[in-house]
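This is structure33.cif. It holds mmCIF, C-alpha atoms and all ligand atoms.
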```cif
data_query
#
loop_
_atom_site.group_PDB
_atom_site.id
_atom_site.type_symbol
_atom_site.label_atom_id
_atom_site.label_comp_id
_atom_site.auth_asym_id
_atom_site.auth_seq_id
_atom_site.Cartn_x
_atom_site.Cartn_y
_atom_site.Cartn_z
ATOM 1 C CA MET A 368 195.629 105.133 122.835
ATOM 2 C CA ILE A 369 194.961 105.497 119.108
ATOM 3 C CA THR A 370 198.615 106.205 118.213
ATOM 4 C CA ASN A 371 199.742 102.950 119.872
ATOM 5 C CA ILE A 372 197.060 101.008 117.994
ATOM 6 C CA LEU A 373 198.090 102.646 114.700
ATOM 7 C CA LEU A 374 201.730 101.728 115.321
ATOM 8 C CA ILE A 375 200.938 98.100 116.227
ATOM 9 C CA VAL A 376 198.580 97.664 113.254
ATOM 10 C CA THR A 377 201.167 99.199 110.888
ATOM 11 C CA ILE A 378 203.988 96.884 111.987
ATOM 12 C CA LEU A 379 201.786 93.778 112.190
ATOM 13 C CA LEU A 380 200.205 94.263 108.764
ATOM 14 C CA SER A 381 203.551 95.050 107.109
ATOM 15 C CA ALA A 382 205.101 91.937 108.682
ATOM 16 C CA ILE A 383 202.126 89.794 107.626
ATOM 17 C CA CYS A 384 202.447 91.030 103.999
ATOM 18 C CA ILE A 385 206.094 89.925 103.965
ATOM 19 C CA LEU A 386 205.428 86.601 105.737
ATOM 20 C CA ILE A 387 202.594 85.734 103.343
ATOM 21 C CA LEU A 388 204.928 86.206 100.370
ATOM 22 C CA LEU A 389 207.601 84.111 102.078
ATOM 23 C CA LYS A 390 205.377 81.252 103.168
ATOM 24 C CA GLN A 391 202.963 80.905 100.263
ATOM 25 C CA LYS A 392 203.372 77.502 98.662
ATOM 26 C CA HIS A 393 201.769 78.443 95.335
ATOM 27 C CA PRO A 394 202.688 82.016 94.381
ATOM 28 C CA SER A 395 200.073 83.811 92.309
ATOM 29 C CA PHE A 396 200.008 87.272 90.809
ATOM 30 C CA ILE A 397 196.669 88.228 92.352
ATOM 31 C CA ASN A 398 197.845 87.250 95.848
ATOM 32 C CA TYR A 399 200.918 89.392 95.301
ATOM 33 C CA ILE A 400 198.779 92.392 94.291
ATOM 34 C CA ILE A 401 196.787 92.074 97.540
ATOM 35 C CA SER A 402 199.971 91.964 99.658
ATOM 36 C CA PHE A 403 201.438 94.827 97.663
ATOM 37 C CA LEU A 404 198.388 97.069 98.123
ATOM 38 C CA ILE A 405 198.239 96.396 101.884
ATOM 39 C CA PHE A 406 201.955 97.107 102.202
ATOM 40 C CA ILE A 407 201.640 100.373 100.242
ATOM 41 C CA ILE A 408 198.896 101.574 102.614
ATOM 42 C CA CYS A 409 201.105 100.735 105.624
ATOM 43 C CA TYR A 410 204.153 102.368 104.049
ATOM 44 C CA PHE A 411 202.489 105.700 103.247
ATOM 45 C CA CYS A 412 199.789 105.917 105.918
ATOM 46 C CA GLY A 413 201.270 103.915 108.819
ATOM 47 C CA GLY A 414 202.103 105.307 112.241
ATOM 48 C CA TRP A 415 205.860 104.755 111.859
ATOM 49 C CA ILE A 416 206.858 107.995 113.596
ATOM 50 C CA TYR A 417 205.441 106.688 116.876
ATOM 51 C CA LEU A 418 208.468 104.357 116.926
ATOM 52 C CA SER A 419 210.831 105.371 114.120
ATOM 53 C CA LEU A 420 210.360 106.724 110.625
ATOM 54 C CA TYR A 421 213.365 104.661 109.494
ATOM 55 C CA LEU A 422 211.580 101.434 110.327
ATOM 56 C CA LYS A 423 209.444 101.858 107.216
ATOM 57 C CA TYR A 424 212.529 101.876 105.002
ATOM 58 C CA ILE A 425 213.731 98.613 106.618
ATOM 59 C CA PHE A 426 210.317 97.056 105.959
ATOM 60 C CA LEU A 427 210.390 98.387 102.371
ATOM 61 C CA ILE A 428 213.758 96.730 101.697
ATOM 62 C CA ALA A 429 212.471 93.476 103.239
ATOM 63 C CA PHE A 430 209.341 93.668 101.072
ATOM 64 C CA ILE A 431 211.336 94.261 97.877
ATOM 65 C CA ILE A 432 213.724 91.351 98.601
ATOM 66 C CA THR A 433 210.790 89.065 99.464
ATOM 67 C CA SER A 434 209.027 90.136 96.256
ATOM 68 C CA LEU A 435 212.064 89.147 94.174
ATOM 69 C CA PHE A 436 212.128 85.670 95.749
ATOM 70 C CA TYR A 437 208.366 85.392 95.303
ATOM 71 C CA PHE A 438 208.551 86.075 91.579
ATOM 72 C CA ALA A 439 211.529 83.751 91.171
ATOM 73 C CA ARG A 440 209.305 80.969 92.490
ATOM 74 C CA TYR A 441 206.290 82.249 90.509
ATOM 75 C CA GLN A 442 208.139 81.794 87.217
ATOM 76 C CA ARG A 443 208.173 78.060 87.802
ATOM 77 C CA GLY A 444 204.464 78.155 87.074
ATOM 78 C CA ASN A 445 201.299 78.235 89.093
ATOM 79 C CA LYS A 446 197.620 78.172 88.199
ATOM 80 C CA SER A 447 194.648 79.282 90.295
ATOM 81 C CA GLY A 448 191.004 78.486 89.599
ATOM 82 C CA ILE A 449 188.934 81.339 88.136
ATOM 83 C CA PHE A 450 186.393 81.152 91.021
ATOM 84 C CA ASN A 451 189.206 81.876 93.431
ATOM 85 C CA TYR A 452 189.601 85.269 91.798
ATOM 86 C CA THR A 453 186.141 86.750 92.465
ATOM 87 C CA TRP A 454 186.519 87.558 96.161
ATOM 88 C CA LYS A 455 190.142 88.551 95.657
ATOM 89 C CA PHE A 456 189.109 91.166 93.103
ATOM 90 C CA PHE A 457 186.614 92.440 95.659
ATOM 91 C CA ILE A 458 189.432 92.800 98.240
ATOM 92 C CA ILE A 459 191.572 94.633 95.673
ATOM 93 C CA ILE A 460 188.770 97.137 94.998
ATOM 94 C CA LEU A 461 188.429 97.707 98.764
ATOM 95 C CA LEU A 462 192.178 98.285 99.075
ATOM 96 C CA ILE A 463 192.294 100.697 96.153
ATOM 97 C CA ILE A 464 189.843 103.066 97.926
ATOM 98 C CA PRO A 465 192.296 104.172 100.685
ATOM 99 C CA GLU A 466 195.156 104.229 98.151
ATOM 100 C CA TYR A 467 193.142 106.543 95.901
ATOM 101 C CA ASN A 468 192.266 108.787 98.855
ATOM 102 C CA TYR A 469 195.870 109.012 100.003
ATOM 103 C CA PHE A 470 197.346 109.824 96.593
ATOM 104 C CA THR A 471 194.634 112.364 95.720
ATOM 105 C CA SER A 472 195.089 114.137 99.075
ATOM 106 C CA ARG A 473 197.921 116.094 97.429
ATOM 107 C CA ILE A 474 195.436 117.778 95.110
ATOM 108 C CA TYR A 475 194.099 120.923 96.709
ATOM 109 C CA HIS A 476 190.949 122.562 95.492
ATOM 110 C CA SER A 477 190.707 126.027 96.965
ATOM 111 C CA GLU A 478 192.872 129.053 96.487
ATOM 112 C CA SER A 479 195.945 128.583 98.650
ATOM 113 C CA ILE A 480 198.345 130.756 100.589
ATOM 114 C CA ASN A 481 202.103 130.346 100.423
ATOM 115 C CA LEU A 482 203.710 130.567 103.876
ATOM 116 C CA ASN A 483 207.189 130.239 105.269
ATOM 117 C CA PHE A 484 207.514 127.017 107.241
ATOM 118 C CA PRO A 485 207.217 128.233 110.878
ATOM 119 C CA MET A 486 210.009 126.111 112.398
ATOM 120 C CA LYS A 487 213.731 125.682 111.748
ATOM 121 C CA ASP A 488 216.591 123.182 111.923
ATOM 122 C CA GLY A 489 215.129 119.721 111.880
ATOM 123 C CA LYS A 490 212.807 117.135 110.406
ATOM 124 C CA TYR A 491 209.093 117.632 110.805
ATOM 125 C CA ASN A 492 206.165 115.339 110.143
ATOM 126 C CA ILE A 493 202.584 116.131 109.143
ATOM 127 C CA ILE A 494 200.569 113.976 111.559
ATOM 128 C CA MET A 495 197.239 115.334 110.294
ATOM 129 C CA GLY A 496 196.799 117.217 107.035
ATOM 130 C CA GLY A 497 195.973 116.951 103.346
ATOM 131 C CA SER A 498 193.015 117.758 101.170
ATOM 132 C CA ASN A 499 190.517 115.033 102.039
ATOM 133 C CA LYS A 500 188.785 113.383 104.978
ATOM 134 C CA PHE A 501 190.750 110.157 104.758
ATOM 135 C CA VAL A 502 194.076 111.818 105.661
ATOM 136 C CA ASN A 503 192.777 114.826 107.608
ATOM 137 C CA PHE A 504 189.712 113.435 109.386
ATOM 138 C CA ILE A 505 190.126 115.326 112.685
ATOM 139 C CA HIS A 506 190.167 118.724 110.958
ATOM 140 C CA TYR A 507 187.345 117.754 108.599
ATOM 141 C CA ASN A 508 185.058 117.634 111.660
ATOM 142 C CA THR A 509 185.099 121.447 111.587
ATOM 143 C CA SER A 510 184.180 122.958 108.224
ATOM 144 C CA PHE A 511 186.525 125.969 108.540
ATOM 145 C CA SER A 512 189.536 123.829 109.535
ATOM 146 C CA ILE A 513 189.572 121.361 106.674
ATOM 147 C CA TYR A 514 192.958 122.544 105.376
ATOM 148 C CA ALA A 515 194.626 122.708 108.789
ATOM 149 C CA TYR A 516 197.901 120.930 109.517
ATOM 150 C CA ASP A 517 199.130 119.287 112.724
ATOM 151 C CA ILE A 518 202.916 119.141 112.772
ATOM 152 C CA VAL A 519 205.409 117.376 115.056
ATOM 153 C CA LYS A 520 209.206 117.367 115.102
ATOM 154 C CA LEU A 521 211.211 114.162 114.676
ATOM 155 C CA ASN A 522 214.286 113.280 116.730
ATOM 156 C CA SER A 523 217.464 111.699 115.345
ATOM 157 C CA LEU A 524 215.804 108.241 115.470
ATOM 158 C CA GLY A 525 212.892 109.464 113.351
ATOM 159 C CA SER A 526 210.444 109.392 116.247
ATOM 160 C CA ARG A 527 208.282 112.242 117.516
ATOM 161 C CA ALA A 528 209.155 111.419 121.160
ATOM 162 C CA ASN A 529 211.653 109.545 123.353
ATOM 163 C CA THR A 530 209.282 106.623 123.925
ATOM 164 C CA ILE A 531 206.093 105.414 122.245
ATOM 165 C CA PHE A 532 203.753 107.418 124.448
ATOM 166 C CA PRO A 533 205.553 109.464 127.120
ATOM 167 C CA LYS A 534 203.698 111.247 129.878
ATOM 168 C CA ALA A 535 206.272 114.050 130.218
ATOM 169 C CA LEU A 536 205.828 116.941 127.775
ATOM 170 C CA GLU A 537 209.590 117.451 127.559
ATOM 171 C CA ASP A 538 209.969 113.976 126.034
ATOM 172 C CA TYR A 539 208.218 115.154 122.864
ATOM 173 C CA GLU A 540 210.713 116.501 120.366
ATOM 174 C CA ILE A 541 208.643 119.530 119.367
ATOM 175 C CA TYR A 542 207.823 120.643 122.893
ATOM 176 C CA GLY A 543 209.360 124.060 123.657
ATOM 177 C CA LYS A 544 210.754 124.492 120.139
ATOM 178 C CA LYS A 545 210.547 127.998 118.732
ATOM 179 C CA ILE A 546 207.753 128.936 116.344
ATOM 180 C CA TYR A 547 208.374 131.756 113.880
ATOM 181 C CA SER A 548 205.943 133.884 111.969
ATOM 182 C CA PRO A 549 205.122 132.237 108.627
ATOM 183 C CA CYS A 550 204.194 135.605 107.086
ATOM 184 C CA ALA A 551 204.137 139.333 107.688
ATOM 185 C CA GLY A 552 201.063 140.844 109.257
ATOM 186 C CA LYS A 553 199.318 142.143 112.334
ATOM 187 C CA ILE A 554 198.346 140.172 115.436
ATOM 188 C CA ILE A 555 194.579 140.514 115.689
ATOM 189 C CA SER A 556 193.820 137.878 118.322
ATOM 190 C CA ILE A 557 195.945 136.184 120.959
ATOM 191 C CA ASP A 558 195.839 134.038 124.102
ATOM 192 C CA LYS A 559 198.974 133.375 126.175
ATOM 193 C CA ASN A 560 198.354 131.861 129.596
ATOM 194 C CA ILE A 561 196.401 128.643 129.147
ATOM 195 C CA PRO A 562 198.172 125.738 130.876
ATOM 196 C CA ASP A 563 199.542 122.795 128.921
ATOM 197 C CA ASN A 564 197.632 119.533 129.151
ATOM 198 C CA VAL A 565 199.087 116.324 130.477
ATOM 199 C CA PRO A 566 199.450 114.129 127.342
ATOM 200 C CA ASN A 567 196.253 112.277 126.430
ATOM 201 C CA GLU A 568 194.054 114.853 128.200
ATOM 202 C CA LEU A 569 192.098 117.531 126.350
ATOM 203 C CA ASN A 570 190.973 121.061 127.159
ATOM 204 C CA GLY A 571 187.621 121.315 125.381
ATOM 205 C CA LYS A 572 186.839 124.827 126.677
ATOM 206 C CA GLU A 573 189.784 126.724 125.179
ATOM 207 C CA ARG A 574 190.239 124.599 122.098
ATOM 208 C CA ALA A 575 193.035 126.588 120.448
ATOM 209 C CA GLY A 576 194.934 126.875 123.733
ATOM 210 C CA ASN A 577 197.567 129.595 123.508
ATOM 211 C CA TYR A 578 197.375 130.949 119.993
ATOM 212 C CA VAL A 579 197.950 133.909 117.728
ATOM 213 C CA ILE A 580 196.014 134.979 114.667
ATOM 214 C CA ILE A 581 198.029 137.023 112.163
ATOM 215 C CA GLN A 582 196.181 139.102 109.605
ATOM 216 C CA ASN A 583 197.979 139.144 106.266
ATOM 217 C CA GLU A 584 195.894 141.260 103.871
ATOM 218 C CA ASN A 585 192.582 139.377 103.674
ATOM 219 C CA ARG A 586 193.976 136.134 105.132
ATOM 220 C CA PHE A 587 193.981 135.117 108.802
ATOM 221 C CA ILE A 588 196.696 132.692 109.879
ATOM 222 C CA MET A 589 196.274 130.868 113.177
ATOM 223 C CA LEU A 590 199.081 129.130 115.093
ATOM 224 C CA ALA A 591 197.691 127.135 118.017
ATOM 225 C CA HIS A 592 198.458 124.909 121.068
ATOM 226 C CA LEU A 593 201.503 127.007 122.015
ATOM 227 C CA ARG A 594 203.318 126.744 125.347
ATOM 228 C CA PRO A 595 201.971 128.958 128.142
ATOM 229 C CA ASN A 596 203.807 132.240 128.684
ATOM 230 C CA SER A 597 206.090 131.644 125.685
ATOM 231 C CA ILE A 598 204.348 134.246 123.479
ATOM 232 C CA LYS A 599 206.099 137.585 123.883
ATOM 233 C CA ILE A 600 204.153 139.652 121.338
ATOM 234 C CA ASN A 601 200.872 141.444 121.935
ATOM 235 C CA LYS A 602 197.599 142.116 120.185
ATOM 236 C CA TYR A 603 197.950 144.708 117.373
ATOM 237 C CA ASP A 604 201.731 144.166 117.142
ATOM 238 C CA SER A 605 203.091 143.885 113.616
ATOM 239 C CA VAL A 606 205.274 140.907 112.751
ATOM 240 C CA LYS A 607 207.620 140.163 109.882
ATOM 241 C CA VAL A 608 208.338 136.777 108.326
ATOM 242 C CA ASN A 609 210.493 134.702 110.708
ATOM 243 C CA ASP A 610 209.833 136.878 113.774
ATOM 244 C CA TYR A 611 209.692 134.829 116.974
ATOM 245 C CA ILE A 612 206.093 134.029 117.937
ATOM 246 C CA GLY A 613 206.247 131.521 120.806
ATOM 247 C CA GLU A 614 207.090 127.901 121.614
ATOM 248 C CA ALA A 615 205.306 124.719 120.646
ATOM 249 C CA GLY A 616 203.214 123.375 123.510
ATOM 250 C CA ASN A 617 200.226 121.240 124.392
ATOM 251 C CA SER A 618 197.533 123.736 125.400
ATOM 252 C CA GLY A 619 193.892 123.531 124.304
ATOM 253 C CA TYR A 620 192.314 120.629 122.429
ATOM 254 C CA SER A 621 195.571 118.724 122.042
ATOM 255 C CA ILE A 622 196.508 115.290 123.381
ATOM 256 C CA GLU A 623 200.227 115.663 122.707
ATOM 257 C CA PRO A 624 202.572 118.530 121.779
ATOM 258 C CA HIS A 625 202.239 119.677 118.181
ATOM 259 C CA LEU A 626 201.736 122.817 116.144
ATOM 260 C CA HIS A 627 198.319 123.402 114.619
ATOM 261 C CA ILE A 628 198.146 125.885 111.758
ATOM 262 C CA GLU A 629 195.142 126.958 109.744
ATOM 263 C CA VAL A 630 194.211 129.855 107.480
ATOM 264 C CA HIS A 631 190.859 131.542 106.807
ATOM 265 C CA GLU A 632 189.655 134.168 104.406
ATOM 266 C CA GLN A 633 187.634 135.976 107.043
ATOM 267 C CA ILE A 634 186.891 135.626 110.731
ATOM 268 C CA SER A 635 183.192 134.966 111.116
ATOM 269 C CA SER A 636 180.771 132.080 111.147
ATOM 270 C CA ASN A 637 180.991 132.090 107.321
ATOM 271 C CA THR A 638 184.749 131.868 107.310
ATOM 272 C CA ILE A 639 186.328 130.247 104.259
ATOM 273 C CA PRO A 640 189.193 127.791 104.827
ATOM 274 C CA VAL A 641 192.297 128.409 102.742
ATOM 275 C CA SER A 642 194.736 125.621 101.875
ATOM 276 C CA ILE A 643 198.341 126.144 102.885
ATOM 277 C CA MET A 644 201.578 125.740 100.985
ATOM 278 C CA PHE A 645 204.886 125.908 102.799
ATOM 279 C CA ASP A 646 207.607 127.406 100.621
ATOM 280 C CA ASN A 647 205.605 126.665 97.453
ATOM 281 C CA GLU A 648 204.852 123.056 98.326
ATOM 282 C CA PHE A 649 201.573 121.461 99.360
ATOM 283 C CA TYR A 650 201.951 118.667 101.889
ATOM 284 C CA THR A 651 199.780 115.787 102.977
ATOM 285 C CA TYR A 652 199.563 113.365 105.858
ATOM 286 C CA ASN A 653 202.844 111.687 106.860
ATOM 287 C CA ASP A 654 205.014 113.911 104.669
ATOM 288 C CA VAL A 655 208.395 114.772 106.163
ATOM 289 C CA ILE A 656 209.508 118.389 105.920
ATOM 290 C CA LYS A 657 213.248 119.086 106.323
ATOM 291 C CA ARG A 658 214.512 122.502 107.332
HETATM 292 ZN ZN ZN B 701 194.933 120.385 114.520
#
```
Once more with this new file: its structure as structure tokens, please.
Amino acid sequence: MITNILLIVTILLSAICILILLKQKHPSFINYIISFLIFIICYFCGGWIYLSLYLKYIFLIAFIITSLFYFARYQRGNKSGIFNYTWKFFIIILLIIPEYNYFTSRIYHSESINLNFPMKDGKYNIIMGGSNKFVNFIHYNTSFSIYAYDIVKLNSLGSRANTIFPKALEDYEIYGKKIYSPCAGKIISIDKNIPDNVPNELNGKERAGNYVIIQNENRFIMLAHLRPNSIKINKYDSVKVNDYIGEAGNSGYSIEPHLHIEVHEQISSNTIPVSIMFDNEFYTYNDVIKR
């Protein structure tokens, strides 16, 4: 399971960065930069929410304390040969590529729509989203979904579920939580009765699962993977901002409960994806949204 691998890699790499700083006999600035860059990638892009979001803050404190000790020892003097530097510079360049992609994923290029965040009372995490392929690679597979977001809810421990990968849908914090209309408009397309998947299974035939599409002027807002039979509105109904739409579920092309939201400028094969702001803010992968 990719989420388990992401979690293990995140924790292992972060721990290795700290251990390297602790154990290195001859501290050098370039070695520190390499550890620092790896740690930064883990901190911002790691799969912390599969165990606990708060774990990353514990690792950050450990990294800062270790860094202070490292530089205390470094001041006593250390010299590395110039040839040692060549391959280390190469590693640094390689590490800067994902850092650059992560930090520039907050820059959005198309015209955007400002929506109300569609859920209330809690902490939410963007598990897929942002304005480039590095942070939003699943949605970048489909040209009209490149600005889509996948959102989960976090529990009080900062995890998106009770255990690392539960098989029961109810163990996911977002499952069954109410989804509200992020804008005013008219329901122009809807599906309500597609069963939820068992986690880690996919429904490739009805990819959106239970969904609604709301037309707001010339924009089409889709909320997808909702819980079967939770949608109480009908096609051609009008909705206002914050009207109840349905509950978060796991129907369609979804391996675990989450809300998928995307916006288009028209519904056709030439549809234009529109980037989304929630309450005037553009979010990227791993951002936490509090409501
Ligand atoms: Zn999605």
Can I get the residues of chain A within 12 Å of ligand ZN 701 (chain B), each with the closest pair of atoms and their distance in Å to one decimal, using all atoms listed in the file, sorted chain first then ascending number, as a Markdown table?
```
| residue | atom | partner | partner_atom | distance |
| --- | --- | --- | --- | --- |
| A:Ile493 | CA | B:ZN701 | ZN | 10.3 |
| A:Ile494 | CA | B:ZN701 | ZN | 9.0 |
| A:Met495 | CA | B:ZN701 | ZN | 7.0 |
| A:Gly496 | CA | B:ZN701 | ZN | 8.3 |
| A:Gly497 | CA | B:ZN701 | ZN | 11.7 |
| A:Asn503 | CA | B:ZN701 | ZN | 9.1 |
| A:Phe504 | CA | B:ZN701 | ZN | 10.1 |
| A:Ile505 | CA | B:ZN701 | ZN | 7.2 |
| A:His506 | CA | B:ZN701 | ZN | 6.2 |
| A:Tyr507 | CA | B:ZN701 | ZN | 10.0 |
| A:Asn508 | CA | B:ZN701 | ZN | 10.6 |
| A:Thr509 | CA | B:ZN701 | ZN | 10.3 |
| A:Phe511 | CA | B:ZN701 | ZN | 11.7 |
| A:Ser512 | CA | B:ZN701 | ZN | 8.1 |
| A:Ile513 | CA | B:ZN701 | ZN | 9.6 |
| A:Tyr514 | CA | B:ZN701 | ZN | 9.6 |
| A:Ala515 | CA | B:ZN701 | ZN | 6.2 |
| A:Tyr516 | CA | B:ZN701 | ZN | 5.8 |
| A:Asp517 | CA | B:ZN701 | ZN | 4.7 |
| A:Ile518 | CA | B:ZN701 | ZN | 8.3 |
| A:Val519 | CA | B:ZN701 | ZN | 10.9 |
| A:Arg574 | CA | B:ZN701 | ZN | 9.9 |
| A:Ala575 | CA | B:ZN701 | ZN | 8.8 |
| A:Gly576 | CA | B:ZN701 | ZN | 11.3 |
| A:Met589 | CA | B:ZN701 | ZN | 10.7 |
| A:Leu590 | CA | B:ZN701 | ZN | 9.7 |
| A:Ala591 | CA | B:ZN701 | ZN | 8.1 |
| A:His592 | CA | B:ZN701 | ZN | 8.7 |
| A:Leu593 | CA | B:ZN701 | ZN | 12.0 |
| A:Asn617 | CA | B:ZN701 | ZN | 11.2 |
| A:Ser618 | CA | B:ZN701 | ZN | 11.7 |
| A:Gly619 | CA | B:ZN701 | ZN | 10.3 |
| A:Tyr620 | CA | B:ZN701 | ZN | 8.3 |
| A:Ser621 | CA | B:ZN701 | ZN | 7.7 |
| A:Ile622 | CA | B:ZN701 | ZN | 10.3 |
| A:Glu623 | CA | B:ZN701 | ZN | 10.8 |
| A:Pro624 | CA | B:ZN701 | ZN | 10.7 |
| A:His625 | CA | B:ZN701 | ZN | 8.2 |
| A:Leu626 | CA | B:ZN701 | ZN | 7.4 |
| A:His627 | CA | B:ZN701 | ZN | 4.5 |
| A:Ile628 | CA | B:ZN701 | ZN | 6.9 |
| A:Glu629 | CA | B:ZN701 | ZN | 8.1 |
| A:Val630 | CA | B:ZN701 | ZN | 11.8 |
```
Practice problem: In Å, rounded to a single decimal, give me how far CA of Tyr424 (chain A) is from CA of Arg527 (chain A). | Solution: 16.8 Å
May I have the residues within 9 Å of Gln582 (chain A) as a PDB file with C-alpha atoms, in the frame of the given file, using only C-alpha atoms and disregarding those fewer than 6 positions away in the same chain?
```pdb
ATOM      1  CA  ALA A 551     204.137 139.333 107.688  1.00  0.00           C
ATOM      2  CA  GLY A 552     201.063 140.844 109.257  1.00  0.00           C
ATOM      3  CA  LYS A 553     199.318 142.143 112.334  1.00  0.00           C
ATOM      4  CA  ILE A 554     198.346 140.172 115.436  1.00  0.00           C
ATOM      5  CA  ILE A 555     194.579 140.514 115.689  1.00  0.00           C
ATOM      6  CA  ILE A 588     196.696 132.692 109.879  1.00  0.00           C
ATOM      7  CA  MET A 589     196.274 130.868 113.177  1.00  0.00           C
TER       8      MET A 589
END
```
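Compared by their closest atoms to Leu482 (chain A), and using only C-alpha atoms, the residues A:Tyr652, A:Tyr410, A:Tyr603, A:Phe587 rank with A:Phe587 nearest.
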Quiz item: Using the chain letters and numbers from the file, which residues does the PyMOL selection byres (((chain A and resi 411) around 10) and not hetatm) grab, as a list of chain:residue names?
Solution: A:Phe406, A:Ile407, A:Ile408, A:Cys409, A:Tyr410, A:Cys412, A:Gly413, A:Gly414, A:Trp415, A:Lys423, A:Glu466, A:Tyr469, A:Phe470, A:Tyr652, A:Asn653, A:Asp654
Exercise. Point out the residue among A:Ile600, A:Ile383, A:Leu389, A:Ile378 with the least atom-to-atom distance to Tyr441 (chain A), counting only C-alpha atoms.
Key: A:Leu389
Practice problem: Can you pull out every residue within 9 Å of region 536-549 of chain A, counting only C-alpha atoms, but drop anything in the same chain fewer than 5 positions away, and send it as a ChimeraX atom specification? | Solution: /A:481-487,491,518-522,526-530,563-566,581,588,590,593-594,597,606-617,623-626,645
Quiz prompt | Expansion of the PyMOL selection byres (((chain A and resi 475) around 9) and not hetatm) into residues, as a PyMOL selection string | solution = chain A and resi 471-474+476-479+497-499+514+642+649
Please save C-alpha atoms of the selected residues as an mmCIF file, keeping the file's coordinate frame.
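New file part01.cif:
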```cif
data_model
loop_
_atom_site.group_PDB
_atom_site.id
_atom_site.type_symbol
_atom_site.label_atom_id
_atom_site.label_comp_id
_atom_site.auth_asym_id
_atom_site.auth_seq_id
_atom_site.Cartn_x
_atom_site.Cartn_y
_atom_site.Cartn_z
ATOM 1 C CA THR A 471 194.634 112.364 95.720
ATOM 2 C CA SER A 472 195.089 114.137 99.075
ATOM 3 C CA ARG A 473 197.921 116.094 97.429
ATOM 4 C CA ILE A 474 195.436 117.778 95.110
ATOM 5 C CA HIS A 476 190.949 122.562 95.492
ATOM 6 C CA SER A 477 190.707 126.027 96.965
ATOM 7 C CA GLU A 478 192.872 129.053 96.487
ATOM 8 C CA SER A 479 195.945 128.583 98.650
ATOM 9 C CA GLY A 497 195.973 116.951 103.346
ATOM 10 C CA SER A 498 193.015 117.758 101.170
ATOM 11 C CA ASN A 499 190.517 115.033 102.039
ATOM 12 C CA TYR A 514 192.958 122.544 105.376
ATOM 13 C CA SER A 642 194.736 125.621 101.875
ATOM 14 C CA PHE A 649 201.573 121.461 99.360
#
```
Exercise. May I ask which of the residues A:Asn492, A:Ser381, A:Asn596, A:Asn583 is the closest one to Pro562 (chain A), counting all atoms listed in the file?
Key: A:Asn596
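Of note, CA of Leu422 (chain A) and CA of Met368 (chain A) are spaced 20.6 Å apart.
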Exercise. Kindly give the distance, in Å, that separates CA of Ile656 (chain A) and CA of Ile480 (chain A), rounded to a single decimal.
Key: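 That distance, rounded to one decimal, is 17.5 Å.
Proximity to Ile460 (chain A) was assessed for A:Leu404, A:Asn570, A:Gln391, A:Gln633 counting all atoms listed in the file; the smallest distance is recorded for A:Leu404.
Proximity to Asn398 (chain A) at 10 Å, evaluated using only C-alpha atoms and with sequence-adjacent residues fewer than 5 positions away removed, yields Ile387, Leu388, Gln391, His393, Phe403, Tyr452, Lys455, Phe456 and Ile459 of chain A.
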Exercise. Could you list the residues chosen by the PyMOL selection byres (((chain A and resi 437) around 9) and not hetatm) in this structure as a ChimeraX atom specification?
Key: /A:388-389,391,394-395,399,432-436,438-442
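Comparing the minimum interatomic distances between Leu524 (chain A) and each of A:Ser402, A:Thr377, A:Asn637, A:Ser419, counting only C-alpha atoms, we find that A:Ser419 sits nearest.
Nearest residue to Ile580 (chain A) among A:Ile369, A:Val376, A:Ile431, A:Ser605 is A:Ser605, counting all atoms listed in the file.
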